[in-house]
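Shown next: coords_11.pdb, given as PDB, N, CA and C atoms.
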ATOM      1  N   MET Q   1     108.763  88.994 113.421
ATOM      2  CA  MET Q   1     109.313  88.344 114.592
ATOM      3  C   MET Q   1     109.006  86.854 114.555
ATOM      4  N   GLY Q   2     107.903  86.475 113.941
ATOM      5  CA  GLY Q   2     107.552  85.067 113.850
ATOM      6  C   GLY Q   2     108.488  84.278 112.965
ATOM      7  N   LEU Q   3     109.196  84.955 112.072
ATOM      8  CA  LEU Q   3     110.137  84.287 111.174
ATOM      9  C   LEU Q   3     111.595  84.491 111.585
ATOM     10  N   ALA Q   4     111.831  85.092 112.745
ATOM     11  CA  ALA Q   4     113.191  85.375 113.197
ATOM     12  C   ALA Q   4     113.949  84.078 113.451
ATOM     13  N   PRO Q   5     115.173  83.997 112.921
ATOM     14  CA  PRO Q   5     115.948  82.765 113.074
ATOM     15  C   PRO Q   5     116.633  82.621 114.435
ATOM     16  N   ASN Q   6     116.755  83.722 115.180
ATOM     17  CA  ASN Q   6     117.445  83.644 116.470
ATOM     18  C   ASN Q   6     116.923  84.732 117.408
ATOM     19  N   THR Q   7     117.393  84.682 118.630
ATOM     20  CA  THR Q   7     116.925  85.602 119.661
ATOM     21  C   THR Q   7     117.295  87.050 119.341
ATOM     22  N   ALA Q   8     118.464  87.270 118.754
ATOM     23  CA  ALA Q   8     118.891  88.638 118.436
ATOM     24  C   ALA Q   8     117.908  89.302 117.470
ATOM     25  N   MET Q   9     117.421  88.560 116.506
ATOM     26  CA  MET Q   9     116.469  89.122 115.546
ATOM     27  C   MET Q   9     115.111  89.386 116.201
ATOM     28  N   VAL Q  10     114.747  88.567 117.171
ATOM     29  CA  VAL Q  10     113.508  88.824 117.913
ATOM     30  C   VAL Q  10     113.639  90.131 118.693
ATOM     31  N   VAL Q  11     114.803  90.357 119.282
ATOM     32  CA  VAL Q  11     115.051  91.594 120.026
ATOM     33  C   VAL Q  11     114.985  92.795 119.081
ATOM     34  N   VAL Q  12     115.588  92.683 117.908
ATOM     35  CA  VAL Q  12     115.535  93.773 116.923
ATOM     36  C   VAL Q  12     114.078  94.037 116.526
ATOM     37  N   GLY Q  13     113.315  92.985 116.283
ATOM     38  CA  GLY Q  13     111.895  93.146 115.955
ATOM     39  C   GLY Q  13     111.122  93.815 117.080
ATOM     40  N   GLY Q  14     111.438  93.448 118.322
ATOM     41  CA  GLY Q  14     110.782  94.063 119.468
ATOM     42  C   GLY Q  14     111.106  95.537 119.599
ATOM     43  N   VAL Q  15     112.347  95.903 119.329
ATOM     44  CA  VAL Q  15     112.754  97.312 119.401
ATOM     45  C   VAL Q  15     112.044  98.117 118.319
ATOM     46  N   VAL Q  16     111.991  97.583 117.106
ATOM     47  CA  VAL Q  16     111.320  98.289 116.009
ATOM     48  C   VAL Q  16     109.826  98.435 116.316
ATOM     49  N   THR Q  17     109.206  97.369 116.808
ATOM     50  CA  THR Q  17     107.793  97.402 117.143
ATOM     51  C   THR Q  17     107.514  98.418 118.251
ATOM     52  N   SER Q  18     108.341  98.424 119.268
ATOM     53  CA  SER Q  18     108.154  99.359 120.382
ATOM     54  C   SER Q  18     108.356 100.803 119.944
ATOM     55  N   ALA Q  19     109.337 101.043 119.094
ATOM     56  CA  ALA Q  19     109.573 102.399 118.596
ATOM     57  C   ALA Q  19     108.378 102.868 117.767
ATOM     58  N   GLY Q  20     107.862 101.987 116.936
ATOM     59  CA  GLY Q  20     106.698 102.338 116.129
ATOM     60  C   GLY Q  20     105.488 102.641 116.992
ATOM     61  N   GLY Q  21     105.258 101.813 118.000
ATOM     62  CA  GLY Q  21     104.141 102.055 118.913
ATOM     63  C   GLY Q  21     104.328 103.324 119.712
ATOM     64  N   GLY Q  22     105.558 103.609 120.098
ATOM     65  CA  GLY Q  22     105.849 104.821 120.869
ATOM     66  C   GLY Q  22     105.604 106.090 120.072
ATOM     67  N   ILE Q  23     105.759 106.013 118.774
ATOM     68  CA  ILE Q  23     105.480 107.162 117.913
ATOM     69  C   ILE Q  23     103.998 107.202 117.547
ATOM     70  N   LEU Q  24     103.427 106.047 117.263
ATOM     71  CA  LEU Q  24     102.057 105.976 116.763
ATOM     72  C   LEU Q  24     101.000 106.315 117.808
ATOM     73  N   LEU Q  25     101.118 105.770 119.012
ATOM     74  CA  LEU Q  25     100.064 105.943 120.005
ATOM     75  C   LEU Q  25      99.834 107.403 120.407
ATOM     76  N   PRO Q  26     100.862 108.181 120.761
ATOM     77  CA  PRO Q  26     100.589 109.582 121.097
ATOM     78  C   PRO Q  26     100.082 110.386 119.895
ATOM     79  N   THR Q  27     100.547 110.035 118.719
ATOM     80  CA  THR Q  27     100.081 110.730 117.513
ATOM     81  C   THR Q  27      98.593 110.480 117.292
ATOM     82  N   LEU Q  28      98.168 109.227 117.392
ATOM     83  CA  LEU Q  28      96.756 108.905 117.211
ATOM     84  C   LEU Q  28      95.893 109.521 118.305
ATOM     85  N   LEU Q  29      96.375 109.511 119.534
ATOM     86  CA  LEU Q  29      95.618 110.115 120.630
ATOM     87  C   LEU Q  29      95.427 111.614 120.388
ATOM     88  N   THR Q  30      96.480 112.296 119.973
ATOM     89  CA  THR Q  30      96.387 113.722 119.674
ATOM     90  C   THR Q  30      95.413 113.973 118.524
ATOM     91  N   TRP Q  31      95.458 113.126 117.534
ATOM     92  CA  TRP Q  31      94.589 113.231 116.370
ATOM     93  C   TRP Q  31      93.121 113.084 116.781
ATOM     94  N   VAL Q  32      92.833 112.066 117.575
ATOM     95  CA  VAL Q  32      91.457 111.822 118.015
ATOM     96  C   VAL Q  32      90.971 112.953 118.922
ATOM     97  N   LEU Q  33      91.770 113.337 119.895
ATOM     98  CA  LEU Q  33      91.343 114.387 120.824
ATOM     99  C   LEU Q  33      91.192 115.739 120.127
ATOM    100  N   GLY Q  34      91.957 115.961 119.082
ATOM    101  CA  GLY Q  34      91.825 117.205 118.333
ATOM    102  C   GLY Q  34      90.469 117.327 117.652
ATOM    103  N   ALA Q  35      89.835 116.193 117.377
ATOM    104  CA  ALA Q  35      88.521 116.201 116.729
ATOM    105  C   ALA Q  35      87.384 116.288 117.745
ATOM    106  N   MET Q  36      87.701 116.197 119.036
ATOM    107  CA  MET Q  36      86.669 116.215 120.071
ATOM    108  C   MET Q  36      86.500 117.609 120.655
ATOM    109  N   PRO Q  37      85.291 117.935 121.096
ATOM    110  CA  PRO Q  37      85.112 119.210 121.805
ATOM    111  C   PRO Q  37      85.927 119.199 123.099
ATOM    112  N   PHE Q  38      86.373 120.363 123.509
ATOM    113  CA  PHE Q  38      87.219 120.477 124.693
ATOM    114  C   PHE Q  38      86.585 119.833 125.924
ATOM    115  N   GLU Q  39      85.265 119.988 126.074
ATOM    116  CA  GLU Q  39      84.568 119.471 127.256
ATOM    117  C   GLU Q  39      84.560 117.944 127.312
ATOM    118  N   GLU Q  40      84.764 117.287 126.192
ATOM    119  CA  GLU Q  40      84.697 115.822 126.124
ATOM    120  C   GLU Q  40      86.074 115.151 126.102
ATOM    121  N   ARG Q  41      87.127 115.915 126.119
ATOM    122  CA  ARG Q  41      88.467 115.342 125.968
ATOM    123  C   ARG Q  41      88.875 114.450 127.128
ATOM    124  N   GLY Q  42      88.433 114.744 128.334
ATOM    125  CA  GLY Q  42      88.734 113.872 129.476
ATOM    126  C   GLY Q  42      88.095 112.505 129.308
ATOM    127  N   ARG Q  43      86.841 112.496 128.900
ATOM    128  CA  ARG Q  43      86.146 111.240 128.643
ATOM    129  C   ARG Q  43      86.790 110.488 127.475
ATOM    130  N   GLY Q  44      87.182 111.234 126.458
ATOM    131  CA  GLY Q  44      87.845 110.616 125.308
ATOM    132  C   GLY Q  44      89.170 109.974 125.682
ATOM    133  N   THR Q  45      89.939 110.650 126.533
ATOM    134  CA  THR Q  45      91.216 110.092 126.991
ATOM    135  C   THR Q  45      90.989 108.819 127.806
ATOM    136  N   GLY Q  46      89.969 108.824 128.651
ATOM    137  CA  GLY Q  46      89.653 107.626 129.432
ATOM    138  C   GLY Q  46      89.226 106.466 128.552
ATOM    139  N   ALA Q  47      88.396 106.742 127.548
ATOM    140  CA  ALA Q  47      87.963 105.687 126.623
ATOM    141  C   ALA Q  47      89.150 105.154 125.831
ATOM    142  N   TRP Q  48      90.033 106.055 125.401
ATOM    143  CA  TRP Q  48      91.228 105.647 124.655
ATOM    144  C   TRP Q  48      92.111 104.736 125.508
ATOM    145  N   THR Q  49      92.371 105.148 126.738
ATOM    146  CA  THR Q  49      93.232 104.372 127.632
ATOM    147  C   THR Q  49      92.608 103.021 127.949
ATOM    148  N   GLY Q  50      91.317 103.009 128.245
ATOM    149  CA  GLY Q  50      90.631 101.746 128.515
ATOM    150  C   GLY Q  50      90.685 100.803 127.324
ATOM    151  N   SER Q  51      90.464 101.344 126.141
ATOM    152  CA  SER Q  51      90.511 100.524 124.925
ATOM    153  C   SER Q  51      91.909  99.965 124.691
ATOM    154  N   LEU Q  52      92.915 100.775 124.940
ATOM    155  CA  LEU Q  52      94.297 100.324 124.764
ATOM    156  C   LEU Q  52      94.608  99.149 125.683
ATOM    157  N   PHE Q  53      94.250  99.273 126.963
ATOM    158  CA  PHE Q  53      94.572  98.207 127.911
ATOM    159  C   PHE Q  53      93.729  96.955 127.682
ATOM    160  N   ILE Q  54      92.477  97.110 127.293
ATOM    161  CA  ILE Q  54      91.659  95.933 126.953
ATOM    162  C   ILE Q  54      92.255  95.232 125.736
ATOM    163  N   GLY Q  55      92.704  96.022 124.759
ATOM    164  CA  GLY Q  55      93.339  95.447 123.576
ATOM    165  C   GLY Q  55      94.618  94.699 123.908
ATOM    166  N   GLN Q  56      95.418  95.247 124.811
ATOM    167  CA  GLN Q  56      96.645  94.563 125.216
ATOM    168  C   GLN Q  56      96.329  93.237 125.907
ATOM    169  N   PHE Q  57      95.306  93.233 126.742
ATOM    170  CA  PHE Q  57      94.919  92.008 127.431
ATOM    171  C   PHE Q  57      94.393  90.971 126.441
ATOM    172  N   LEU Q  58      93.499  91.395 125.562
ATOM    173  CA  LEU Q  58      92.883  90.454 124.626
ATOM    174  C   LEU Q  58      93.860  89.948 123.570
ATOM    175  N   SER Q  59      94.848  90.763 123.200
ATOM    176  CA  SER Q  59      95.793  90.321 122.172
ATOM    177  C   SER Q  59      96.566  89.078 122.610
ATOM    178  N   ALA Q  60      96.907  88.995 123.882
ATOM    179  CA  ALA Q  60      97.601  87.800 124.375
ATOM    180  C   ALA Q  60      96.708  86.564 124.253
ATOM    181  N   LEU Q  61      95.435  86.716 124.551
ATOM    182  CA  LEU Q  61      94.512  85.587 124.433
ATOM    183  C   LEU Q  61      94.303  85.184 122.977
ATOM    184  N   VAL Q  62      94.239  86.163 122.089
ATOM    185  CA  VAL Q  62      94.062  85.860 120.662
ATOM    186  C   VAL Q  62      95.293  85.143 120.120
ATOM    187  N   ILE Q  63      96.487  85.622 120.451
ATOM    188  CA  ILE Q  63      97.718  84.963 119.992
ATOM    189  C   ILE Q  63      97.811  83.558 120.567
ATOM    190  N   LEU Q  64      97.418  83.383 121.812
ATOM    191  CA  LEU Q  64      97.412  82.046 122.418
ATOM    192  C   LEU Q  64      96.466  81.120 121.663
ATOM    193  N   ALA Q  65      95.277  81.594 121.321
ATOM    194  CA  ALA Q  65      94.312  80.775 120.589
ATOM    195  C   ALA Q  65      94.822  80.444 119.194
ATOM    196  N   ILE Q  66      95.383  81.435 118.506
ATOM    197  CA  ILE Q  66      95.926  81.177 117.168
ATOM    198  C   ILE Q  66      97.089  80.203 117.253
ATOM    199  N   GLY Q  67      97.954  80.373 118.262
ATOM    200  CA  GLY Q  67      99.089  79.465 118.438
ATOM    201  C   GLY Q  67      98.655  78.046 118.724
ATOM    202  N   THR Q  68      97.565  77.870 119.441
ATOM    203  CA  THR Q  68      97.047  76.529 119.709
ATOM    204  C   THR Q  68      96.600  75.860 118.417
ATOM    205  N   VAL Q  69      95.989  76.625 117.529
ATOM    206  CA  VAL Q  69      95.493  76.076 116.261
ATOM    207  C   VAL Q  69      96.637  75.856 115.273
ATOM    208  N   THR Q  70      97.602  76.785 115.235
ATOM    209  CA  THR Q  70      98.653  76.720 114.215
ATOM    210  C   THR Q  70      99.912  75.982 114.661
ATOM    211  N   GLY Q  71     100.047  75.688 115.936
ATOM    212  CA  GLY Q  71     101.176  74.893 116.371
ATOM    213  C   GLY Q  71     102.280  75.627 117.102
ATOM    214  N   GLY Q  72     102.068  76.849 117.512
ATOM    215  CA  GLY Q  72     103.095  77.524 118.299
ATOM    216  C   GLY Q  72     103.072  79.029 118.149
ATOM    217  N   LEU Q  73     103.918  79.673 118.936
ATOM    218  CA  LEU Q  73     103.974  81.125 118.967
ATOM    219  C   LEU Q  73     104.469  81.707 117.650
ATOM    220  N   SER Q  74     105.514  81.132 117.077
ATOM    221  CA  SER Q  74     106.067  81.673 115.828
ATOM    222  C   SER Q  74     105.027  81.677 114.721
ATOM    223  N   SER Q  75     104.327  80.571 114.556
ATOM    224  CA  SER Q  75     103.311  80.515 113.500
ATOM    225  C   SER Q  75     102.139  81.439 113.816
ATOM    226  N   ALA Q  76     101.811  81.602 115.084
ATOM    227  CA  ALA Q  76     100.736  82.527 115.463
ATOM    228  C   ALA Q  76     101.114  83.960 115.109
ATOM    229  N   LEU Q  77     102.369  84.329 115.315
ATOM    230  CA  LEU Q  77     102.812  85.683 114.968
ATOM    231  C   LEU Q  77     102.798  85.901 113.463
ATOM    232  N   VAL Q  78     103.146  84.883 112.702
ATOM    233  CA  VAL Q  78     103.097  84.997 111.239
ATOM    234  C   VAL Q  78     101.653  85.169 110.780
ATOM    235  N   VAL Q  79     100.740  84.368 111.325
ATOM    236  CA  VAL Q  79      99.319  84.484 110.969
ATOM    237  C   VAL Q  79      98.792  85.866 111.333
ATOM    238  N   ALA Q  80      99.123  86.352 112.510
ATOM    239  CA  ALA Q  80      98.669  87.678 112.937
ATOM    240  C   ALA Q  80      99.248  88.767 112.030
ATOM    241  N   GLY Q  81     100.503  88.626 111.632
ATOM    242  CA  GLY Q  81     101.119  89.597 110.736
ATOM    243  C   GLY Q  81     100.466  89.623 109.368
ATOM    244  N   VAL Q  82     100.192  88.446 108.819
ATOM    245  CA  VAL Q  82      99.524  88.369 107.514
ATOM    246  C   VAL Q  82      98.116  88.951 107.604
ATOM    247  N   LEU Q  83      97.399  88.613 108.653
ATOM    248  CA  LEU Q  83      96.053  89.149 108.842
ATOM    249  C   LEU Q  83      96.080  90.670 108.967
ATOM    250  N   THR Q  84      97.043  91.186 109.694
ATOM    251  CA  THR Q  84      97.182  92.638 109.839
ATOM    252  C   THR Q  84      97.489  93.299 108.504
ATOM    253  N   LEU Q  85      98.344  92.688 107.712
ATOM    254  CA  LEU Q  85      98.666  93.219 106.390
ATOM    255  C   LEU Q  85      97.428  93.247 105.497
ATOM    256  N   VAL Q  86      96.652  92.173 105.505
ATOM    257  CA  VAL Q  86      95.425  92.122 104.707
ATOM    258  C   VAL Q  86      94.449  93.213 105.147
ATOM    259  N   LEU Q  87      94.273  93.371 106.453
ATOM    260  CA  LEU Q  87      93.373  94.410 106.956
ATOM    261  C   LEU Q  87      93.863  95.813 106.598
ATOM    262  N   ALA Q  88      95.172  96.023 106.603
ATOM    263  CA  ALA Q  88      95.724  97.334 106.229
ATOM    264  C   ALA Q  88      95.460  97.632 104.757
ATOM    265  N   VAL Q  89      95.602  96.626 103.905
ATOM    266  CA  VAL Q  89      95.330  96.817 102.476
ATOM    267  C   VAL Q  89      93.852  97.122 102.259
ATOM    268  N   VAL Q  90      92.983  96.394 102.942
ATOM    269  CA  VAL Q  90      91.543  96.646 102.821
ATOM    270  C   VAL Q  90      91.208  98.053 103.313
ATOM    271  N   ALA Q  91      91.769  98.446 104.443
ATOM    272  CA  ALA Q  91      91.503  99.778 104.988
ATOM    273  C   ALA Q  91      92.015 100.876 104.062
ATOM    274  N   ALA Q  92      93.136 100.637 103.414
ATOM    275  CA  ALA Q  92      93.694 101.634 102.503
ATOM    276  C   ALA Q  92      92.811 101.819 101.273
ATOM    277  N   ARG Q  93      92.043 100.810 100.930
ATOM    278  CA  ARG Q  93      91.180 100.892  99.753
ATOM    279  C   ARG Q  93      89.802 101.459 100.064
ATOM    280  N   LEU Q  94      89.489 101.666 101.336
ATOM    281  CA  LEU Q  94      88.199 102.239 101.699
ATOM    282  C   LEU Q  94      88.153 103.709 101.310
ATOM    283  N   PRO Q  95      86.949 104.225 101.088
ATOM    284  CA  PRO Q  95      86.854 105.656 100.762
ATOM    285  C   PRO Q  95      87.466 106.513 101.863
ATOM    286  N   SER Q  96      88.064 107.588 101.477
ATOM    287  CA  SER Q  96      88.734 108.473 102.427
ATOM    288  C   SER Q  96      87.733 109.217 103.298
ATOM    289  N   VAL Q  97      88.108 109.420 104.547
ATOM    290  CA  VAL Q  97      87.300 110.217 105.469
ATOM    291  C   VAL Q  97      88.080 111.443 105.917
ATOM    292  N   ARG Q  98      89.011 111.880 105.116
ATOM    293  CA  ARG Q  98      89.881 112.993 105.486
ATOM    294  C   ARG Q  98      89.120 114.284 105.737
ATOM    295  N   HIS Q  99      87.956 114.448 105.151
ATOM    296  CA  HIS Q  99      87.218 115.677 105.343
ATOM    297  C   HIS Q  99      86.742 115.850 106.783
ATOM    298  N   SER Q 100      86.659 114.757 107.532
ATOM    299  CA  SER Q 100      86.184 114.858 108.909
ATOM    300  C   SER Q 100      87.319 114.859 109.931
ATOM    301  N   ILE Q 101      88.547 114.785 109.461
ATOM    302  CA  ILE Q 101      89.702 114.721 110.367
ATOM    303  C   ILE Q 101      90.430 116.053 110.317
ATOM    304  N   PRO Q 102      90.658 116.675 111.468
ATOM    305  CA  PRO Q 102      91.333 117.975 111.458
ATOM    306  C   PRO Q 102      92.793 117.834 111.044
ATOM    307  N   ALA Q 103      93.288 118.803 110.315
ATOM    308  CA  ALA Q 103      94.690 118.824 109.903
ATOM    309  C   ALA Q 103      95.520 119.498 110.992
ATOM    310  N   PHE Q 104      96.712 118.995 111.205
ATOM    311  CA  PHE Q 104      97.616 119.588 112.200
ATOM    312  C   PHE Q 104      98.810 120.184 111.535
TER     313      PHE Q 104
END
Spell out the structure here as structure tokens.
Amino acid sequence: MGLAPNTAMVVVGGVVTSAGGGILLPTLLTWVLGAMPFEERGRGTGAWTGSLFIGQFLSALVILAIGTVTGGLSSALVVAGVLTLVLAVVAARLPSVRHSIPAF
């Protein structure tokens, strides 16, 4: 979205991002709660929801700070995207923890 040449492409990026989040968030929540004992699932759901909303609040502040340093929103989104890609590559290279995650 940071490299989009016009508003239509920003809208397309927003739709793709929202669709991905709409699929990812319930899947991850189900995955995490499946690993928790039944008695703790209410607390786990509350922690998950709180973390999600704190993350949404803080992400705006982080993008604002990056945009101040890099010169605007578009460059801040590019920096955030590159940083996310680097973190994903690093995470993919970490040893697997699949033995502790329940299969569905």
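Distance-wise, CA of Leu64 in chain Q and CA of Val78 in chain Q end up 12.9 Å apart.
We find CA of Leu33 in chain Q and CA of Gly20 in chain Q to be spaced 20.1 Å apart.
CA of Gly22 in chain Q to CA of Thr49 in chain Q spans 14.3 Å [interatomic distance, one decimal].
When only C-alpha atoms are used to measure the gap to Val10 in chain Q, the shortest distance among Q:Leu77, Q:Leu29, Q:Ala60, Q:Leu24 belongs to Q:Leu77.
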Between Q:Leu52, Q:Gly42, Q:Ala47, Q:Ser74, which has the minimum distance to Asn6 in chain Q (counting only C-alpha atoms)? Q:Ser74
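Residue nearest Ala76 in chain Q, chosen from Q:Gly2, Q:Leu28, Q:Val11, Q:Trp48 and counting only N, CA and C atoms: Q:Gly2.
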Which of chain Q end up as alpha helix (DSSP H) when DSSP is run on this backbone - answer as a count of residues only? 79
With 3 Å on each side, where is the centre of the axis-aligned box around all listed atoms of range 36-42 of chain Q, and how long are its edges in Å to one decimal, as AutoDock Vina command-line options?
--center_x 86.7 --center_y 116.5 --center_z 124.3 --size_x 10.3 --size_y 14.0 --size_z 16.4
For range 64-74 of chain Q in the structure I just supplied, write out all heavy atoms - as a PDB file, in the first residue's frame.
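Dumped to selection_24.pdb:
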ATOM      1  N   LEU Q  64       3.085   6.486  12.910  1.00  0.00           N
ATOM      2  CA  LEU Q  64       3.266   7.940  12.993  1.00  0.00           C
ATOM      3  C   LEU Q  64       4.723   8.283  13.278  1.00  0.00           C
ATOM      4  O   LEU Q  64       5.297   9.174  12.646  1.00  0.00           O
ATOM      5  CB  LEU Q  64       2.359   8.523  14.074  1.00  0.00           C
ATOM      6  CG  LEU Q  64       2.422  10.030  14.275  1.00  0.00           C
ATOM      7  CD1 LEU Q  64       1.947  10.752  13.020  1.00  0.00           C
ATOM      8  CD2 LEU Q  64       1.584  10.432  15.470  1.00  0.00           C
ATOM      9  N   ALA Q  65       5.356   7.578  14.204  1.00  0.00           N
ATOM     10  CA  ALA Q  65       6.757   7.836  14.534  1.00  0.00           C
ATOM     11  C   ALA Q  65       7.665   7.512  13.356  1.00  0.00           C
ATOM     12  O   ALA Q  65       8.580   8.294  13.037  1.00  0.00           O
ATOM     13  CB  ALA Q  65       7.162   7.022  15.758  1.00  0.00           C
ATOM     14  N   ILE Q  66       7.423   6.381  12.700  1.00  0.00           N
ATOM     15  CA  ILE Q  66       8.239   6.024  11.535  1.00  0.00           C
ATOM     16  C   ILE Q  66       8.037   7.039  10.424  1.00  0.00           C
ATOM     17  O   ILE Q  66       8.988   7.465   9.762  1.00  0.00           O
ATOM     18  CB  ILE Q  66       7.897   4.600  11.043  1.00  0.00           C
ATOM     19  CG1 ILE Q  66       8.302   3.561  12.083  1.00  0.00           C
ATOM     20  CG2 ILE Q  66       8.597   4.302   9.721  1.00  0.00           C
ATOM     21  CD1 ILE Q  66       7.813   2.156  11.771  1.00  0.00           C
ATOM     22  N   GLY Q  67       6.787   7.468  10.209  1.00  0.00           N
ATOM     23  CA  GLY Q  67       6.502   8.466   9.176  1.00  0.00           C
ATOM     24  C   GLY Q  67       7.171   9.793   9.456  1.00  0.00           C
ATOM     25  O   GLY Q  67       7.596  10.491   8.530  1.00  0.00           O
ATOM     26  N   THR Q  68       7.285  10.171  10.711  1.00  0.00           N
ATOM     27  CA  THR Q  68       7.973  11.411  11.066  1.00  0.00           C
ATOM     28  C   THR Q  68       9.448  11.327  10.702  1.00  0.00           C
ATOM     29  O   THR Q  68      10.029  12.290  10.201  1.00  0.00           O
ATOM     30  CB  THR Q  68       7.814  11.682  12.581  1.00  0.00           C
ATOM     31  OG1 THR Q  68       6.425  11.776  12.880  1.00  0.00           O
ATOM     32  CG2 THR Q  68       8.501  12.966  12.986  1.00  0.00           C
ATOM     33  N   VAL Q  69      10.050  10.170  10.912  1.00  0.00           N
ATOM     34  CA  VAL Q  69      11.477   9.986  10.622  1.00  0.00           C
ATOM     35  C   VAL Q  69      11.717   9.829   9.121  1.00  0.00           C
ATOM     36  O   VAL Q  69      12.689  10.362   8.589  1.00  0.00           O
ATOM     37  CB  VAL Q  69      12.023   8.756  11.384  1.00  0.00           C
ATOM     38  CG1 VAL Q  69      13.427   8.413  10.952  1.00  0.00           C
ATOM     39  CG2 VAL Q  69      11.957   8.982  12.878  1.00  0.00           C
ATOM     40  N   THR Q  70      10.825   9.107   8.430  1.00  0.00           N
ATOM     41  CA  THR Q  70      11.063   8.790   7.019  1.00  0.00           C
ATOM     42  C   THR Q  70      10.441   9.782   6.041  1.00  0.00           C
ATOM     43  O   THR Q  70      10.717   9.707   4.853  1.00  0.00           O
ATOM     44  CB  THR Q  70      10.532   7.382   6.686  1.00  0.00           C
ATOM     45  OG1 THR Q  70       9.124   7.342   6.922  1.00  0.00           O
ATOM     46  CG2 THR Q  70      11.247   6.336   7.499  1.00  0.00           C
ATOM     47  N   GLY Q  71       9.581  10.663   6.506  1.00  0.00           N
ATOM     48  CA  GLY Q  71       9.060  11.688   5.624  1.00  0.00           C
ATOM     49  C   GLY Q  71       7.629  11.518   5.162  1.00  0.00           C
ATOM     50  O   GLY Q  71       7.200  12.210   4.247  1.00  0.00           O
ATOM     51  N   GLY Q  72       6.873  10.626   5.745  1.00  0.00           N
ATOM     52  CA  GLY Q  72       5.467  10.526   5.366  1.00  0.00           C
ATOM     53  C   GLY Q  72       4.892   9.141   5.558  1.00  0.00           C
ATOM     54  O   GLY Q  72       5.600   8.183   5.880  1.00  0.00           O
ATOM     55  N   LEU Q  73       3.592   9.049   5.328  1.00  0.00           N
ATOM     56  CA  LEU Q  73       2.870   7.803   5.534  1.00  0.00           C
ATOM     57  C   LEU Q  73       3.306   6.721   4.558  1.00  0.00           C
ATOM     58  O   LEU Q  73       3.505   5.571   4.946  1.00  0.00           O
ATOM     59  CB  LEU Q  73       1.359   8.040   5.421  1.00  0.00           C
ATOM     60  CG  LEU Q  73       0.465   6.811   5.557  1.00  0.00           C
ATOM     61  CD1 LEU Q  73       0.655   6.161   6.925  1.00  0.00           C
ATOM     62  CD2 LEU Q  73      -0.985   7.181   5.329  1.00  0.00           C
ATOM     63  N   SER Q  74       3.459   7.061   3.288  1.00  0.00           N
ATOM     64  CA  SER Q  74       3.835   6.051   2.289  1.00  0.00           C
ATOM     65  C   SER Q  74       5.166   5.405   2.633  1.00  0.00           C
ATOM     66  O   SER Q  74       5.300   4.176   2.611  1.00  0.00           O
ATOM     67  CB  SER Q  74       3.917   6.671   0.894  1.00  0.00           C
ATOM     68  OG  SER Q  74       2.642   7.065   0.465  1.00  0.00           O
TER      69      SER Q  74
END
